[in-house]
Each structure stands twice: as structure tokens, then as C-alpha cells.
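Take a look at the structure below.
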Amino acid sequence: MVGPDGVPVTGSAIAEPGLIRCEKSSTEAAALSVPVTLDASALNSIGPTLLPDGTMLRPLGEIVLQTCLLPERDRPYLLSLELARHRMMLILNKLEEWRSFDIDPDDPVMRLINHAREAFTEALVASPNGREPDAESDRLAMRALWIAVEASERLAMAQAEREFGAPARAAMHARAADDVSAAMPVLHPTRSGVVLPQPPSLGCAISPQIFTDQAKALVQNTCDFITMPMRWVEMEPAEGDYAFARTDRWIEWAIRTAKLPVVAGPIVDFRPQSVPDWLYIWENDYETLRELVYEHMKAVVTRYRRTVSRWTVCSGLHANRNFSFTFEQMIDLTRICVLVVRKLHPKAKVHVEIVEPWGEHHSSDRRSLPPTLYAEMLAQAGIQFDALALRVQMGVPAPGLATRDLMAFSAMLDQYAALDRPIAISAIGAPAASIEVTEDDHKGHSGGWWRSPWSNQAQADWASALLAVALAKPFVQSVCWQDLIDPPSSGEMPRGGLAGPDGVARPVLERLADIRASIGRGQLPDAARLHSAPRTPQPAG
């Protein structure tokens, strides 16, 4: 459940036959966020799939959608209608925020938005008033929702195309290249957020376990920078015994041979896959743990401060998973991580990483912090970080990693932009095949899918669309794919790399190369656009 300003609300949603009963900790109105399957079977149930202008509706995937804020009442709401209502509201809000009301009425996007408005009006008129919802009102509402989601995704992509080649932004890039003093973020002249003078960069995270000529060739042809994860479990597998060799060889190659900048981190990350076993001894002794964090940060930054240009100092402290901290301890640990880099490497850029940027963790754990509130508290505490880093991974049946559509992704980035800090997407990715639920903790979760079930082609199409939306934002300074090559172990996301474990590139690698080349041209590659299903020829006139 979600409250005002998109902040998750603690509580529970109980599924009963034909009914979802939401129980929350307060009496304020709240919205419901729920995965919805919009596949071919559901499409066949909503009626004609051919719109009056010849556009053919198509499957949209299994994606998380949201209602508007709903007051408590005994009579149930019609879920499909409320999901459609929120999507129509989001479309209208973004048209105003993006100043897009001047789009030609004959533009395909505006025609689709008008179809969505008409379908929603029809569903609203047919919805029951004071009686139980029926199948026909649900069908009309689902049809309105379908058209609205399609229209909103196309609006998000149209905005990306407009911002990607904005003349004002290109002029700022040119000035910054000639004048070092101009190379600073400035507030956006028409809406919240900052505008970065430099064009965005595209990179990839690399597992230190893999160091082959094939991997190095993939990096040189695709990336503007590389990210070395520096997981604590790999850097210090035994207390006081550091293992730098694998990381050293990649950084040395990047700096001396490939001439690529290096981003390091996250250095402090308490997720299970990043924590060494020996650290659990101190999980209930905060003072000792705090000292260990300081010493670990000091050792890593001291070793690599001559080669690393940006540090992601900590990750996911706000989610409070695995290790449990109070609010004050979360802020304190973040401050320590930032201060160590500021002291030992003053010229470096410092990032703080946000996981689960939609904040699902807070709905089930009151001891966690909503991610936007965490970021605001850091600023209020005077912690001097340069950018927020967001992990945006989808398609995994685990908490916080469900699939969202393009408009939800674009709106989420705009929400973080309101904090007036540059945004770096420190890990973005989706799998090249569906992932089975193997852990008991993850049963009941669905990773979902976008447009078509996950495959090599679906991964490539997803990457093209989301990268286009992200890189077009004037406040996004960089985007990093989550993994170059699937590591020997399962890694964070099975089959989520740009290449398989054999080093053979997937189609997504070519898409990254295309969109990287398009940044300089200021024009989206054709593969990044949403293409309509075949249209029925319309009569002349």
C-alpha cells in the first residue's frame, strides 16, 4: 500500500476469493500497488483489440500498477476501474509537468490518449453505483486500463525522444566543453530537478572473478566507464585478510590499456550476498560494527584512490535488511562512509545507493526508511554526497524487483529528481529468461515481464526502451548495466548479463552500443522506439 507522495504504508493486503482486503496502520487514504497480468489471454477478454485509428492493442506484460488514494469504506472498490483512474491521472499530470499539452492532436500519442479518455469515461458510466461490480463493468474498466497503460508508455517514450535531442541541452554541453566553470549542475528552468551540462555516460559492472580477453573486448566496444562492485565478502573474506588481486587486474587494465574511468562500489552493503560470514559476529554490537565499517572503508579507499574517479560508498542502508539498524544508525553509517572518502580522496565524486527505489520494503518493515525520506534526511543532516545512485532491477521473483512499465519508471526518476541532486543509475537490468522461485522467502513473489516473457529478445527490447527513457532525463548523469558476463555463481540476477557464462554476447549488448552511439547524435536509435502492432489500412479521407 502507498500513501501520499508515493510513500509506502505499513500494513497488509489479504487476498480472498474475488476480494483484496487492505488493513493499514492508519485511517488515512491509501493506494494499492499490485501486479496485474495483461497477457494475450486477458487481451482476448476485453473486447475488440482494434482501435478506431487502426492501432492494434497487444500484450503489455505482468507489471505492477497502482490505484489512486482510496478512502476507507465497507463497500469494495472495482480494482480495474481504480487502476485505470490512477493511470489517467498520471497521464494528465505528466502532460502538464512535461509541458506536452501542445502536442498536435493528430499525433499518434495524443490520439491514443484520447481513446484512453473515452474508454475510461465509458467504464465510469457503466460502473455500479452502490451495488456489487459486475463482469461487464470490469471488462470495460480493463479495456480502459489497457489503452491507458499503452498510451502512457508511448507518452513516456515521446518525451524521451524530445528530451534526448533538446537543442538547449546540446548547447549547454557545448559550453561546458569550452568552459570548465560551466560544467556544474543547474536547476531546471521549467520543472524540478537539475540539468547536467555533460552528456550522460553508459557503463557496465564487472565481476572480478572474470578476466578474459573476450570480456575486455566486450567492455571496450560498449562502455564509457566500468564499475567494480567491491563486495565486502570478496575484498575481505577473512577478518583483516584482504584479497585485492582480482580487482587490481581489472582496474589496472581499465586505466592503463582501455583508458576508461573506474567507478567503485558499493563498498558497504549489508545484503546477504555481500557480507562476509565473520561480520555476523558483530551484528548486534553497533559500536564495534561501526569501527569495522570505518576501517574497511579506509583500507579500500586508500588502496584505490589514485585510480577511482567515483565511489558508491554504501548501498541499501535504508532497507534495513539482513542487518538491523535504528534510523540514527542508518544516517550515522552513511555519514562515516561519505566522510572517509571526503578525507582520503577529496577530488572524487561520492554516491549513496538506493535499492528498491519504489520502497516496497517499508510496507512490511516499520524499522526501514522509505527511500525518498532517507535521501531527504541525508541532505538535512548535512551529509555532502554528490549524487543518488539507484538500483533498478526487474523481473526477479523477490521483494522489490517486480517489473514496472515505462511510465512508472519515468515517473519514479522524476520523483527522485525533485531532491535536486544528479541521479546515477548504478545497476539496471532484467533477465534473458524467466527465473524460477527457489527460495522459500520469495514464494508468492512474481518477477513479472514486460511486453513478452523474458528471453534474449525481450531483454534487449526492455533495455532499449528503459535506457532511452533514463538517458534522456537531463538530471541522469550515468547508467550502468548490472553485469557484463553471467558469473560462475548465480550472481544477483541469473542470466542478467550482457553475455552468457561462455562469453557469447546477447542481443542486449548491441542495443547498448547503439544507444551509446546515439547520445552523441542527440537522436534515439530506431530500436529504442515502441513500434505499434500492424495497423489495418484506413480508407482514404
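Letters A, B, ... mark the chains of the C-alpha cells in the order given; residue numbers begin at 1 per chain; ligand numbers begin at 1, in order shown.
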Write out as number ranges by chain all residues of segment 372-514 of chain A that DSSP puts in strand (DSSP E or B) for this structure's backbone. A: 387-393, 423-429, 449-450, 452, 476-481, 485, 499, 505
Would you mind writing down, as a VMD selection string, each residue of segment 84-250 of chain A that DSSP on the backbone assigns to helix (DSSP H, G or I)? chain A and resid 84 to 97 108 to 126 135 to 164 167 to 178 180 to 182 213 to 222 232 to 235 245 to 250
Any idea what's packed within 10 Å of Pro200 of chain A, counting only C-alpha atoms, ignoring anything in its chain fewer than 2 positions away? Could you give it as a PyMOL selection string? chain A and resi 196-198+202+224+424+470-479+516+519-520
Can I get the selection written as a PDB file, in the first residue's frame, with C-alpha atoms?
```
ATOM      1  CA  LEU A 196      23.704  18.328 -16.103  1.00  0.00           C
ATOM      2  CA  PRO A 197      25.958  20.024 -18.638  1.00  0.00           C
ATOM      3  CA  GLN A 198      27.774  16.863 -19.662  1.00  0.00           C
ATOM      4  CA  LEU A 202      26.896   4.370 -20.250  1.00  0.00           C
ATOM      5  CA  ASP A 224      32.227   4.729 -21.330  1.00  0.00           C
ATOM      6  CA  ALA A 424      23.194   7.830 -11.396  1.00  0.00           C
ATOM      7  CA  ALA A 470      16.707   7.205 -18.454  1.00  0.00           C
ATOM      8  CA  LEU A 471      19.419   8.706 -20.660  1.00  0.00           C
ATOM      9  CA  ALA A 472      17.024  11.380 -21.935  1.00  0.00           C
ATOM     10  CA  LYS A 473      16.468  12.776 -18.444  1.00  0.00           C
ATOM     11  CA  PRO A 474      18.565  15.944 -18.012  1.00  0.00           C
ATOM     12  CA  PHE A 475      19.403  15.003 -14.395  1.00  0.00           C
ATOM     13  CA  VAL A 476      20.705  11.471 -15.128  1.00  0.00           C
ATOM     14  CA  GLN A 477      24.494  11.514 -15.325  1.00  0.00           C
ATOM     15  CA  SER A 478      25.162   7.823 -15.990  1.00  0.00           C
ATOM     16  CA  VAL A 479      23.563   4.416 -16.423  1.00  0.00           C
ATOM     17  CA  ARG A 516      25.643   4.820 -26.612  1.00  0.00           C
ATOM     18  CA  ILE A 519      23.951  10.019 -27.339  1.00  0.00           C
ATOM     19  CA  GLY A 520      26.429  11.984 -29.428  1.00  0.00           C
TER      20      GLY A 520
END
```
Which one is closest to Met330 of chain A: A:Ala258, A:Leu388, A:Cys314, A:Ala158? Count only C-alpha atoms. A:Cys314
Could you pull the residues within 10 Å of Leu145 of chain A, counting only C-alpha atoms, minus those fewer than 6 positions along the same chain, as a list of chain:residue names? A:Leu38, A:Leu65, A:Ser80, A:Leu81, A:Glu82, A:Leu83, A:Ala84, A:Arg85, A:His86, A:Arg87, A:Met88, A:Ala116, A:Arg117, A:Ala119, A:Phe120, A:Ala123, A:Arg139, A:Ala151
Do you know which residues are at most 8 Å from Arg495 of chain A counting only C-alpha atoms, after dropping those on the same chain fewer than 4 positions away, and could you put them as a PyMOL selection string? chain A and resi 431-433+486+500
